[in-house]
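Colleague: protein-v3.cif is the file, holding mmCIF, C-alpha atoms:
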data_query
#
loop_
_atom_site.label_atom_id
_atom_site.label_comp_id
_atom_site.auth_asym_id
_atom_site.auth_seq_id
_atom_site.Cartn_x
_atom_site.Cartn_y
_atom_site.Cartn_z
CA MET U 1 30.47 -255.51 152.74
CA SER U 2 30.12 -256.88 149.22
CA HIS U 3 31.81 -260.05 148.08
CA SER U 4 33.07 -260.47 144.55
CA PHE U 5 34.02 -263.73 142.94
CA THR U 6 34.30 -265.41 139.55
CA LEU U 7 32.19 -268.13 138.03
CA LYS U 8 33.55 -270.98 135.92
CA ASN U 9 32.34 -269.48 132.64
CA GLY U 10 34.31 -266.31 133.31
CA SER U 11 31.35 -264.28 134.60
CA LYS U 12 32.01 -261.88 137.46
CA ALA U 13 29.70 -262.10 140.44
CA LEU U 14 29.09 -259.47 143.09
CA PHE U 15 27.11 -260.41 146.18
CA ASN U 16 25.75 -257.81 148.54
CA PRO U 17 24.45 -259.54 151.74
CA GLU U 18 22.64 -256.40 152.89
CA ASP U 19 19.97 -256.62 150.21
CA SER U 20 20.67 -260.26 149.22
CA ARG U 21 21.45 -259.04 145.72
CA LEU U 22 23.67 -261.23 143.52
CA SER U 23 24.74 -259.48 140.30
CA ILE U 24 26.40 -261.55 137.60
CA THR U 25 28.27 -259.86 134.74
CA THR U 26 28.92 -262.17 131.78
CA PRO U 27 32.13 -261.89 129.67
CA LEU U 28 29.99 -260.21 127.00
CA GLY U 29 29.06 -257.48 129.48
CA GLU U 30 25.49 -258.51 130.18
CA VAL U 31 24.47 -257.96 133.80
CA GLN U 32 21.94 -260.21 135.50
CA HIS U 33 20.57 -259.25 138.91
CA ASN U 34 19.19 -261.89 141.25
CA THR U 35 17.69 -261.49 144.70
CA LEU U 36 18.51 -264.52 146.79
CA GLY U 37 16.20 -266.12 149.33
CA ARG U 38 17.03 -265.42 152.94
CA ALA U 39 18.63 -268.80 153.65
CA GLU U 40 20.68 -268.80 150.42
CA SER U 41 21.84 -265.26 151.13
CA ARG U 42 22.95 -266.04 154.70
CA LEU U 43 24.70 -269.24 153.65
CA LEU U 44 26.62 -267.46 150.87
CA ASP U 45 27.50 -264.63 153.27
CA LEU U 46 28.83 -267.09 155.84
CA LEU U 47 30.99 -269.00 153.35
CA LEU U 48 32.29 -265.88 151.60
CA ALA U 49 33.20 -264.25 154.91
CA GLU U 50 36.04 -266.75 155.19
CA PRO U 51 36.73 -268.34 151.78
CA GLY U 52 38.51 -271.66 152.05
CA VAL U 53 37.47 -272.21 155.67
CA ILE U 54 35.30 -275.28 156.24
CA LYS U 55 31.97 -274.54 157.88
CA SER U 56 30.26 -277.46 159.56
CA ARG U 57 26.59 -278.23 159.00
CA GLU U 58 25.85 -277.13 162.57
CA GLN U 59 27.59 -273.78 162.09
CA ILE U 60 25.73 -273.19 158.88
CA ILE U 61 22.32 -274.11 160.34
CA GLU U 62 22.98 -271.91 163.36
CA HIS U 63 23.96 -268.95 161.22
CA THR U 64 21.39 -269.42 158.49
CA TRP U 65 18.31 -270.24 160.50
CA ASN U 66 19.31 -268.60 163.83
CA ASP U 67 19.12 -271.87 165.72
CA ARG U 68 15.59 -272.54 164.56
CA VAL U 69 14.80 -276.22 164.23
CA VAL U 70 14.77 -277.08 160.52
CA ALA U 71 14.39 -280.31 158.63
CA SER U 72 17.65 -282.09 157.81
CA GLY U 73 17.03 -281.69 154.08
CA SER U 74 16.70 -277.90 154.30
CA LEU U 75 20.45 -277.27 154.20
CA ASN U 76 20.84 -279.68 151.27
CA GLN U 77 18.08 -277.82 149.45
CA VAL U 78 19.72 -274.42 150.01
CA VAL U 79 23.13 -275.68 148.91
CA PHE U 80 21.53 -277.25 145.84
CA SER U 81 19.77 -274.02 144.92
CA LEU U 82 22.89 -271.94 145.40
CA ARG U 83 24.98 -274.27 143.23
CA ASN U 84 22.38 -274.08 140.47
CA LEU U 85 22.57 -270.32 140.59
CA LEU U 86 26.38 -270.34 140.49
CA ASN U 87 26.39 -272.90 137.63
CA ASP U 88 28.21 -275.25 139.99
CA SER U 89 25.67 -278.04 140.15
CA ARG U 90 27.80 -280.57 138.24
CA ASP U 91 31.28 -280.60 139.76
CA HIS U 92 30.87 -278.53 142.96
CA GLU U 93 34.12 -276.67 142.36
CA ILE U 94 32.90 -273.37 143.79
CA LEU U 95 30.73 -274.42 146.70
CA MET U 96 32.72 -277.46 147.80
CA THR U 97 31.49 -280.37 149.87
CA ILE U 98 34.09 -281.58 152.38
CA PRO U 99 32.97 -285.14 153.22
CA ARG U 100 31.92 -285.60 156.84
CA ARG U 101 33.11 -282.07 157.70
CA GLY U 102 30.92 -279.56 155.95
CA TYR U 103 31.19 -276.97 153.16
CA ARG U 104 33.60 -274.30 152.08
CA PHE U 105 33.78 -271.65 149.34
CA ASN U 106 36.71 -272.33 146.98
CA PRO U 107 39.07 -269.36 147.53
CA ALA U 108 40.44 -269.72 143.98
CA TYR U 109 37.22 -268.17 142.72
CA VAL U 110 37.20 -265.23 145.11
CA SER U 111 38.39 -261.93 143.71
CA ALA U 112 40.86 -259.93 145.77
CA GLY U 113 39.23 -257.01 147.66
CA THR U 114 35.74 -255.76 147.15
CA THR U 115 34.41 -254.67 143.83
CA PRO U 116 32.54 -251.40 143.31
CA GLN U 117 28.79 -251.77 143.30
CA ILE U 118 27.21 -252.53 139.95
CA GLN U 119 24.56 -250.00 138.99
CA PRO U 120 21.19 -251.58 139.63
CA THR U 121 18.83 -251.87 136.72
CA PRO U 122 15.26 -250.62 136.99
CA ALA U 123 13.76 -254.10 136.85
CA PRO U 124 15.90 -256.71 138.55
CA VAL U 125 15.16 -260.34 137.86
CA GLU U 126 13.88 -262.10 140.95
CA LEU U 127 15.52 -265.42 141.64
CA GLU U 128 13.36 -268.45 141.24
CA ILE U 129 14.90 -271.13 143.40
CA PRO U 130 14.19 -274.60 142.08
CA ARG U 131 12.56 -276.80 144.66
CA ALA U 132 11.43 -279.88 142.83
CA PRO U 133 14.65 -281.83 142.12
CA ALA U 134 16.08 -283.98 144.84
CA PRO U 135 18.90 -282.30 146.73
CA THR U 136 22.30 -283.81 146.17
CA ALA U 137 24.34 -281.44 148.28
CA ASP U 138 25.46 -284.13 150.71
CA ALA U 139 26.50 -286.66 148.12
CA PRO U 140 30.03 -287.72 149.02
CA ALA U 141 32.37 -286.60 146.34
CA PRO U 142 36.13 -286.37 146.00
CA VAL U 143 37.41 -282.90 146.77
CA PRO U 144 38.46 -281.33 143.49
CA ALA U 145 41.69 -279.38 143.48
CA PRO U 146 41.16 -275.63 143.35
CA VAL U 147 41.58 -274.39 139.83
CA GLU U 148 42.33 -270.98 138.44
CA PRO U 149 39.23 -269.36 137.04
CA LYS U 150 39.24 -269.35 133.27
CA GLN U 151 37.38 -267.35 130.63
CA PRO U 152 36.40 -270.02 128.09
CA ILE U 153 33.64 -267.90 126.56
CA ALA U 154 36.04 -265.06 125.69
CA TRP U 155 38.55 -267.49 124.17
CA LEU U 156 35.75 -269.20 122.30
CA SER U 157 34.68 -265.88 120.78
CA ILE U 158 38.24 -265.34 119.55
CA ALA U 159 38.30 -268.90 118.16
CA TYR U 160 35.06 -268.24 116.29
CA ALA U 161 36.52 -265.07 114.78
CA VAL U 162 39.73 -266.85 113.74
CA THR U 163 37.72 -269.70 112.22
CA LEU U 164 35.56 -267.27 110.29
CA LEU U 165 38.64 -265.54 108.87
CA THR U 166 40.25 -268.88 107.97
CA CYS U 167 37.10 -270.03 106.20
CA LEU U 168 36.75 -266.75 104.28
CA ALA U 169 40.40 -266.86 103.20
CA THR U 170 40.02 -270.47 102.03
CA LEU U 171 36.83 -269.61 100.19
CA ALA U 172 38.53 -266.65 98.47
CA HIS U 173 41.44 -268.89 97.52
CA TYR U 174 39.17 -271.47 95.93
CA THR U 175 36.87 -269.00 94.20
CA PHE U 176 39.79 -267.23 92.51
CA SER U 177 39.48 -269.37 89.38
CA ALA U 178 35.79 -268.57 89.21
CA LYS U 179 36.38 -264.81 89.58
CA ALA U 180 39.42 -264.55 87.30
CA PRO U 181 38.93 -263.36 83.72
CA SER U 182 38.34 -266.40 81.58
CA ILE U 183 38.55 -267.42 77.97
CA GLU U 184 36.43 -270.15 76.43
CA VAL U 185 37.73 -272.79 74.06
CA ALA U 186 35.88 -274.78 71.40
CA SER U 187 37.77 -277.83 70.17
CA THR U 188 37.42 -279.70 66.91
CA GLN U 189 39.32 -282.81 65.90
CA ARG U 190 40.45 -283.18 62.27
CA ASP U 191 42.37 -286.39 61.73
CA GLN U 192 45.42 -286.04 64.00
CA LEU U 193 45.05 -282.31 64.38
CA THR U 194 43.12 -280.65 67.20
CA ILE U 195 41.89 -277.17 66.37
CA ASN U 196 40.96 -274.99 69.36
CA THR U 197 39.27 -271.67 68.78
CA LEU U 198 39.09 -269.08 71.52
CA GLY U 199 36.37 -266.62 72.43
CA SER U 200 34.95 -264.69 75.34
CA SER U 201 32.11 -267.22 75.40
CA ARG U 202 31.62 -270.75 74.19
CA ASP U 203 29.35 -269.50 71.44
CA SER U 204 31.85 -266.93 70.18
CA ALA U 205 34.59 -269.59 70.22
CA ARG U 206 32.37 -271.87 68.09
CA ALA U 207 31.44 -268.95 65.85
CA LEU U 208 35.13 -268.31 65.16
CA TYR U 209 35.60 -271.92 64.11
CA THR U 210 32.56 -271.69 61.85
CA ALA U 211 33.95 -268.50 60.29
CA LEU U 212 37.29 -270.19 59.63
CA GLU U 213 35.91 -273.56 58.55
CA GLN U 214 36.10 -272.86 54.83
CA GLN U 215 39.75 -271.73 55.03
CA LEU U 216 40.59 -274.77 57.13
CA GLN U 217 39.36 -277.05 54.35
CA ASP U 218 42.62 -276.27 52.55
CA LEU U 219 44.75 -277.68 55.38
CA PRO U 220 46.99 -280.59 54.42
CA LYS U 221 45.74 -283.89 55.87
CA HIS U 222 49.09 -284.96 57.31
CA LEU U 223 49.31 -282.24 59.97
CA ILE U 224 49.72 -283.51 63.53
CA GLY U 225 49.44 -281.56 66.76
CA GLN U 226 47.31 -278.95 68.45
CA VAL U 227 46.56 -275.43 67.34
CA TRP U 228 44.86 -272.54 69.16
CA ILE U 229 43.37 -269.72 67.14
CA ASN U 230 42.25 -266.36 68.48
CA GLN U 231 40.93 -263.34 66.66
CA SER U 232 41.86 -259.92 67.96
CA ARG U 233 40.27 -257.14 65.91
CA SER U 234 41.48 -257.72 62.35
CA ASN U 235 44.40 -259.96 63.31
CA TYR U 236 44.60 -263.66 63.98
CA SER U 237 46.98 -265.16 66.44
CA ILE U 238 47.78 -268.85 66.25
CA SER U 239 49.77 -270.97 68.66
CA CYS U 240 50.84 -274.49 67.82
CA ILE U 241 52.13 -277.54 69.62
CA ARG U 242 53.83 -279.70 67.05
CA ALA U 243 54.17 -283.45 66.99
CA ASP U 244 57.65 -283.18 68.55
CA GLN U 245 56.21 -280.99 71.37
CA SER U 246 57.97 -277.85 70.12
CA THR U 247 55.84 -274.70 69.88
CA ARG U 248 55.37 -271.77 67.50
CA ASN U 249 53.26 -268.63 67.65
CA MET U 250 52.17 -266.36 64.83
CA LEU U 251 50.33 -263.06 64.61
CA PHE U 252 49.13 -261.85 61.23
CA ASN U 253 46.46 -260.07 59.28
CA PRO U 254 44.50 -262.61 57.19
CA GLN U 255 44.34 -260.03 54.38
CA GLN U 256 48.10 -260.40 54.02
CA LYS U 257 48.65 -264.09 54.72
CA PRO U 258 46.34 -267.04 54.12
CA LEU U 259 45.42 -268.85 57.34
CA ALA U 260 45.84 -272.37 55.98
CA SER U 261 49.41 -271.90 54.77
CA LEU U 262 50.47 -270.24 58.04
CA LEU U 263 48.86 -273.02 60.05
CA ALA U 264 50.81 -275.57 58.05
CA GLN U 265 54.01 -273.57 58.60
CA CYS U 266 53.19 -273.28 62.31
CA LEU U 267 52.72 -277.03 62.70
CA GLU U 268 55.40 -278.43 60.46
CA VAL U 269 58.59 -279.49 62.18
CA THR U 270 61.65 -277.95 60.57
CA LEU U 271 64.21 -280.55 59.69
CA MET A 272 24.29 -280.98 128.21
CA SER A 273 26.43 -279.06 130.68
CA LEU A 274 28.17 -275.84 129.81
CA GLN A 275 31.56 -277.54 129.94
CA ARG A 276 30.50 -280.22 127.51
CA LYS A 277 28.93 -277.69 125.16
CA THR A 278 32.13 -275.65 125.24
CA ALA A 279 34.26 -278.73 124.59
CA VAL A 280 32.08 -279.67 121.60
CA GLN A 281 32.42 -276.17 120.20
CA TRP A 282 36.21 -276.24 120.58
CA LEU A 283 36.33 -279.61 118.85
CA LEU A 284 34.20 -278.41 115.93
CA LEU A 285 36.19 -275.19 115.53
CA SER A 286 39.44 -277.15 115.59
CA LEU A 287 38.17 -279.52 112.91
CA ILE A 288 37.00 -276.64 110.69
CA ASN A 289 40.35 -274.86 111.06
CA LEU A 290 42.29 -278.03 110.35
CA GLY A 291 40.14 -278.63 107.27
CA CYS A 292 40.77 -275.12 105.98
CA ILE A 293 44.51 -275.28 106.62
CA GLY A 294 44.63 -278.69 104.95
CA ALA A 295 42.74 -277.34 101.95
CA TRP A 296 45.31 -274.53 101.67
CA LEU A 297 48.28 -276.87 101.97
CA TYR A 298 46.99 -279.36 99.43
CA SER A 299 45.42 -276.90 97.02
CA PRO A 300 46.62 -277.34 93.46
CA VAL A 301 49.62 -275.18 92.58
CA PRO A 302 50.33 -275.06 88.83
CA PHE A 303 54.10 -274.65 89.19
CA LYS A 304 55.45 -276.08 92.43
CA ASN A 305 59.08 -276.06 91.33
CA ASN A 306 60.93 -273.87 88.89
CA SER A 307 59.75 -274.62 85.37
CA ASN A 308 61.35 -273.22 82.24
CA PHE A 309 59.59 -272.75 78.93
CA HIS A 310 60.58 -271.16 75.68
CA THR A 311 59.11 -270.52 72.27
CA LEU A 312 59.54 -268.64 69.02
CA SER A 313 57.02 -266.23 67.57
CA GLN A 314 56.56 -264.39 64.31
CA GLN A 315 54.52 -261.31 63.69
CA TRP A 316 53.84 -259.83 60.27
CA LEU A 317 53.64 -256.06 60.42
CA ASP A 318 51.63 -253.78 58.15
CA ASP A 319 54.64 -253.15 55.93
CA GLN A 320 55.05 -256.93 55.41
CA SER A 321 58.21 -257.00 57.50
CA GLN A 322 58.56 -259.87 59.95
CA LEU A 323 59.15 -259.29 63.65
CA ASN A 324 60.71 -262.37 65.22
CA THR A 325 60.51 -262.96 68.93
CA GLU A 326 62.21 -265.47 71.16
CA GLU A 327 60.70 -265.85 74.62
CA TYR A 328 61.76 -267.55 77.83
CA LEU A 329 59.55 -268.05 80.85
CA THR A 330 60.70 -269.21 84.28
CA VAL A 331 57.93 -269.77 86.74
CA ASN A 332 57.46 -271.30 90.18
CA ALA A 333 54.76 -271.14 92.83
CA ASN A 334 55.64 -267.58 93.83
CA ARG A 335 57.30 -265.76 90.96
CA MET A 336 57.61 -265.65 87.20
CA THR A 337 60.20 -264.09 84.93
CA HIS A 338 59.39 -263.55 81.27
CA SER A 339 62.25 -262.58 78.97
CA THR A 340 61.80 -261.57 75.36
CA ILE A 341 64.22 -260.82 72.55
CA GLU A 342 62.70 -259.12 69.53
CA SER A 343 64.53 -258.82 66.24
CA LEU A 344 63.62 -256.86 63.15
CA ASN A 345 65.83 -256.13 60.16
CA GLY A 346 68.99 -257.00 62.11
CA LYS A 347 68.10 -254.86 65.14
CA PHE A 348 67.44 -256.35 68.57
CA ARG A 349 65.58 -255.31 71.67
CA HIS A 350 65.14 -257.34 74.79
CA ALA A 351 62.88 -257.03 77.78
CA THR A 352 62.61 -258.86 81.11
CA LEU A 353 59.51 -258.79 83.20
CA THR A 354 59.53 -260.13 86.78
CA ALA A 355 56.24 -260.63 88.56
CA ASP A 356 55.02 -262.06 91.84
CA ILE A 357 52.26 -264.63 91.60
CA THR A 358 49.48 -263.23 93.73
CA GLN A 359 46.81 -265.86 93.07
CA SER A 360 46.79 -269.16 91.29
CA GLY A 361 44.31 -271.85 90.43
CA ASN A 362 44.01 -274.83 88.16
CA ASP A 363 43.32 -272.73 85.10
CA ALA A 364 44.21 -269.19 86.06
CA LEU A 365 47.12 -267.18 87.33
CA GLN A 366 47.23 -263.62 88.57
CA VAL A 367 50.57 -261.85 88.85
CA GLN A 368 51.80 -258.44 89.88
CA VAL A 369 54.70 -256.90 88.01
CA VAL A 370 57.57 -256.08 90.36
CA ARG A 371 60.27 -255.20 87.85
CA ALA A 372 60.50 -254.47 84.13
CA LYS A 373 63.81 -254.03 82.34
CA LEU A 374 64.06 -252.91 78.74
CA SER A 375 67.31 -252.79 76.76
CA GLN A 376 66.05 -249.65 75.06
CA ASP A 377 62.89 -247.56 75.19
CA ARG A 378 62.69 -247.21 71.43
CA GLU A 379 60.54 -249.86 69.75
CA LEU A 380 61.89 -251.74 66.70
CA PHE A 381 58.85 -250.94 64.59
CA ALA A 382 56.45 -248.06 64.16
CA ILE A 383 54.28 -248.90 67.13
CA GLU A 384 52.43 -245.60 66.78
CA LYS A 385 50.56 -247.22 63.91
CA THR A 386 49.09 -249.69 66.41
CA PRO A 387 48.21 -247.47 69.40
CA GLU A 388 46.33 -250.30 71.11
CA LEU A 389 49.52 -252.37 71.29
CA PHE A 390 51.47 -249.34 72.49
CA PHE A 391 49.14 -248.70 75.43
CA ARG A 392 49.04 -252.37 76.37
CA ARG A 393 52.82 -252.56 76.43
CA GLN A 394 52.94 -249.41 78.55
CA TYR A 395 50.61 -251.03 81.08
CA VAL A 396 52.52 -254.29 81.23
CA VAL A 397 55.91 -252.69 81.90
CA GLN A 398 54.60 -250.62 84.81
CA GLU A 399 55.66 -251.94 88.21
CA GLY A 400 52.60 -252.94 90.20
CA SER A 401 50.45 -253.79 87.18
CA THR A 402 48.22 -256.81 87.60
CA LEU A 403 48.23 -259.38 84.83
CA ASN A 404 45.73 -262.20 84.43
CA TYR A 405 46.64 -265.43 82.67
CA SER A 406 44.17 -268.10 81.59
CA LEU A 407 45.95 -271.44 81.39
CA LEU A 408 44.82 -273.59 78.48
CA ALA A 409 44.76 -277.37 78.78
CA THR A 410 47.61 -278.98 76.85
CA PRO A 411 48.29 -282.64 76.07
CA SER A 412 51.48 -282.86 78.15
CA GLU A 413 53.36 -281.18 81.01
CA ASN A 414 56.16 -280.30 78.59
CA THR A 415 54.00 -277.64 77.04
CA LEU A 416 52.27 -274.57 78.40
CA CYS A 417 49.63 -272.54 76.61
CA PHE A 418 48.10 -269.41 78.04
CA PHE A 419 46.10 -266.34 77.16
CA LEU A 420 47.30 -263.09 78.71
CA HIS A 421 44.18 -260.96 78.99
CA GLU A 422 45.84 -257.58 79.43
CA MET A 423 47.86 -258.06 76.21
CA ASP A 424 45.20 -260.05 74.37
CA ARG A 425 48.09 -262.43 73.74
CA LEU A 426 47.95 -266.13 73.01
CA ARG A 427 51.11 -268.17 73.59
CA CYS A 428 52.21 -271.77 73.61
CA MET A 429 55.61 -272.62 75.05
CA ASN A 430 57.57 -275.82 75.62
CA HIS A 431 60.43 -277.08 77.84
#
Here is a file; write its structure as C-alpha cells.

Modeller:
Amino acid sequence: MSHSFTLKNGSKALFNPEDSRLSITTPLGEVQHNTLGRAESRLLDLLLAEPGVIKSREQIIEHTWNDRVVASGSLNQVVFSLRNLLNDSRDHEILMTIPRRGYRFNPAYVSAGTTPQIQPTPAPVELEIPRAPAPTADAPAPVPAPVEPKQPIAWLSIAYAVTLLTCLATLAHYTFSAKAPSIEVASTQRDQLTINTLGSSRDSARALYTALEQQLQDLPKHLIGQVWINQSRSNYSISCIRADQSTRNMLFNPQQKPLASLLAQCLEVTL
Amino acid sequence: MSLQRKTAVQWLLLSLINLGCIGAWLYSPVPFKNNSNFHTLSQQWLDDQSQLNTEEYLTVNANRMTHSTIESLNGKFRHATLTADITQSGNDALQVQVVRAKLSQDRELFAIEKTPELFFRRQYVVQEGSTLNYSLLATPSENTLCFFLHEMDRLRCMNH
C-alpha cells in the first residue's frame, strides 16, 4: 500500500514501500523519484503505517533491522537521512522526536487515503544518503505543535506576479511624461518681459525667436510679463500673462497685423 | 540558509517593493488635486479682417476637466462645453478622454470651410472618446495656467 503525505514546501510525496520508491511532486509540477535505502524505507513504512503513533527505538530497530544487532548510532543515522530527504532536518516537524519515548510521523502532513501511483520516469534519480554529518536525531527538542501543511511556494509565485504588475504599472505611470507628446520652449529675457517661443524641438523654438527677433526690436521697453509665441502654418498664436496676472490669447496672420503691436496689446493691462 | 528563511526573505523583499510602488503612486505629483478654475479671453483675426472673440472657462481636478467656450462674432454667439476624464497626468503633461461635448448650435459663426484644417480638428475634439494631449508650460505662479493642446495646435494661457 502506498502512503501519500505533504512536505512543508507544499510538495506532494508518495511512498511505495514495495519498491522503496519515494516520489516527490513539487508545486510547480516537477516530479523527483528517489529510491530509499532499505533501513530508511522500512522506518518510513513503519511510521506511516500508523501516523501520530509513537514508535519506540526498540520497535523501530526490531522492524527495521529484523532484530539484528546494530550500532546505537545506526537509527540516528537513518532518521537523519530521512529528515534530510523530507526537508525536515531543521525543525523536525514531519518526523518528530518524542523525548525519551521514540519517534512518530506527524499526522498533519499525511494525506487522506492513498494516492494513485505516479507514472515512473525512465531514469529515476537514485537517492544518495548523506553519511558524513553527525547524526542529531536524538537531540532532545520540544515537541512542535502539528501544523497544517502550507503551500508557500505557490503563494510566493502569486506574490511575484502581483509585484511585477505593480512595478510595471508604476513604471508606466512615471514614464507617461516621457512618452506624451511634448513641445519645447526657448526663453529669452528682455528687461521685465520674458519671451518664450515654442517649437517641436529646442532648435526650432530658438529658430522661431531668431526669425521674430527683428520684429521684437519694436517692442516698447515698459512691457512687463510673460509671452508665449507659437507659429502654426502662416499664423502666429500668442499667449500673455500680464503684470496683474490676467491673461490674453491672440491668433493672427502676421501679414494682416504686426506682431509687435499685438504683443503690446496682449500685455498691456486695460484700465 | 534554510528554505523557510529564504522564503521569509523573499516575502519581506516583495512586501517592500510593493509598498514602495504603492507609496510612489500615492505621492506622485498630481497637477490639480482640488477643483481649480481658470478663465481667459482670446481674439482671433479671420481672413476677412473680422474679429472672433472667445471667452473660455476651465474647471479641472485630478480626475476630470470641463472646458467651456463662448464665441462671439458680429453680435452672434455660440457656446460649447467639453467634458473629459483625465486618463494620465504628470508634472508637465496631461492626457484626457472626451466623455461629452455639447454645442449650442452646429453651425459655425464664421466660414470655417476656408480653414479645413481647423474644421477637421474641431470635429475630432468634439467626438466622445477622443484623446487629447496637453503639454503644461511652466508659469511664474499657481494663479496662471499655460498649455499647448497638441490635437488643436492651440496655445492658451489662463488665470484664476

Colleague: Could you tell me which of U:Asp45, U:Glu184, U:Glu50, U:Glu58 comes closest to chain A if we count all atoms listed in the file?

Modeller: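 That would be U:Glu184, the residue with the smallest distance to chain A.
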
Colleague: What separation in Å, quoted to one decimal, exists between atom CA of Ala159 of chain U and atom CA of Ser286 of chain A?

Modeller: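 Going from atom CA of Ala159 of chain U over to atom CA of Ser286 of chain A, I get 8.7 Å.
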
Colleague: Please list as a list in words every residue within 12 Å of Arg335 of chain A, counting all atoms listed in the file and excluding residues in the same chain fewer than 6 positions away.

Modeller: Pro302, Phe303, Lys304, Asn305, Asn306, Ser307, Leu329, Leu353, Thr354, Ala355, Asp356, Ile357, Thr358, Gln359, Ser360, Leu365, Gln366, Val367, Gln368, Val369, Val370 and Arg371 of chain A

Colleague: Please write the residues from the selection above to a file, keeping C-alpha atoms, as a PDB file, in the frame of the given file.

Modeller:
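The resulting out.pdb:
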ATOM      1  CA  PRO A 302      50.330-275.060  88.830  1.00  0.00           C
ATOM      2  CA  PHE A 303      54.100-274.650  89.190  1.00  0.00           C
ATOM      3  CA  LYS A 304      55.450-276.080  92.430  1.00  0.00           C
ATOM      4  CA  ASN A 305      59.080-276.060  91.330  1.00  0.00           C
ATOM      5  CA  ASN A 306      60.930-273.870  88.890  1.00  0.00           C
ATOM      6  CA  SER A 307      59.750-274.620  85.370  1.00  0.00           C
ATOM      7  CA  LEU A 329      59.550-268.050  80.850  1.00  0.00           C
ATOM      8  CA  LEU A 353      59.510-258.790  83.200  1.00  0.00           C
ATOM      9  CA  THR A 354      59.530-260.130  86.780  1.00  0.00           C
ATOM     10  CA  ALA A 355      56.240-260.630  88.560  1.00  0.00           C
ATOM     11  CA  ASP A 356      55.020-262.060  91.840  1.00  0.00           C
ATOM     12  CA  ILE A 357      52.260-264.630  91.600  1.00  0.00           C
ATOM     13  CA  THR A 358      49.480-263.230  93.730  1.00  0.00           C
ATOM     14  CA  GLN A 359      46.810-265.860  93.070  1.00  0.00           C
ATOM     15  CA  SER A 360      46.790-269.160  91.290  1.00  0.00           C
ATOM     16  CA  LEU A 365      47.120-267.180  87.330  1.00  0.00           C
ATOM     17  CA  GLN A 366      47.230-263.620  88.570  1.00  0.00           C
ATOM     18  CA  VAL A 367      50.570-261.850  88.850  1.00  0.00           C
ATOM     19  CA  GLN A 368      51.800-258.440  89.880  1.00  0.00           C
ATOM     20  CA  VAL A 369      54.700-256.900  88.010  1.00  0.00           C
ATOM     21  CA  VAL A 370      57.570-256.080  90.360  1.00  0.00           C
ATOM     22  CA  ARG A 371      60.270-255.200  87.850  1.00  0.00           C
TER      23      ARG A 371
END

Colleague: Restricting the calculation to all atoms listed in the file, which member of U:Leu216, U:Leu28, U:Leu165, U:Ala39 is positioned closest to Leu193 of chain U?

Modeller: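 Under the stated criterion, the closest residue is U:Leu216.
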
Colleague: Residues of chain U within 6 Å of chain A, using all atoms listed in the file, as a PyMOL selection string?

Modeller: chain U and resi 163+177+239+246-252

Colleague: Please determine the residues with any atom at most 8 Å from (23.6, -264.3, 150.6) (coordinates as given in the file, with all atoms listed in the file counting) and report them as a PyMOL selection string.

Modeller: chain U and resi 15-17+20-22+36-46

Colleague: May I have the residues within 12 Å of Ile60 of chain U as a count of residues only, using all atoms listed in the file and disregarding those fewer than 3 positions away in the same chain?

Modeller: 29

Colleague: Using only C-alpha atoms, list the residues that have an atom at most 7 Å from (39.3, -270.0, 149.5), coordinates as in the file, as a PyMOL selection string.

Modeller: chain U and resi 51-53+105-108+110

Colleague: How far is it from atom CA of Glu268 of chain U to atom CA of Ala243 of chain U, in Å with one decimal?

Modeller: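 Separating atom CA of Glu268 of chain U from atom CA of Ala243 of chain U is a distance of 8.3 Å.
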
Colleague: With distances taken over all atoms listed in the file, which of A:Gln398, A:Glu342, A:Glu388, A:Leu284 is nearest to Gln376 of chain A?

Modeller: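 Once distances to Gln376 of chain A are computed over all atoms listed in the file, the minimum belongs to A:Glu342.
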
Colleague: Would you write out, as an mmCIF file with C-alpha atoms, in the frame of the given file, every residue that the PyMOL selection byres ((chain U and resi 4) around 7) captures in this file?

Modeller:
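Everything below was put into selection33.cif:
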data_model
loop_
_atom_site.group_PDB
_atom_site.id
_atom_site.type_symbol
_atom_site.label_atom_id
_atom_site.label_comp_id
_atom_site.auth_asym_id
_atom_site.auth_seq_id
_atom_site.Cartn_x
_atom_site.Cartn_y
_atom_site.Cartn_z
ATOM 1 C CA SER U 2 30.120 -256.880 149.220
ATOM 2 C CA HIS U 3 31.810 -260.050 148.080
ATOM 3 C CA PHE U 5 34.020 -263.730 142.940
ATOM 4 C CA ALA U 13 29.700 -262.100 140.440
ATOM 5 C CA LEU U 14 29.090 -259.470 143.090
ATOM 6 C CA PHE U 15 27.110 -260.410 146.180
ATOM 7 C CA VAL U 110 37.200 -265.230 145.110
ATOM 8 C CA SER U 111 38.390 -261.930 143.710
ATOM 9 C CA THR U 114 35.740 -255.760 147.150
ATOM 10 C CA THR U 115 34.410 -254.670 143.830
#
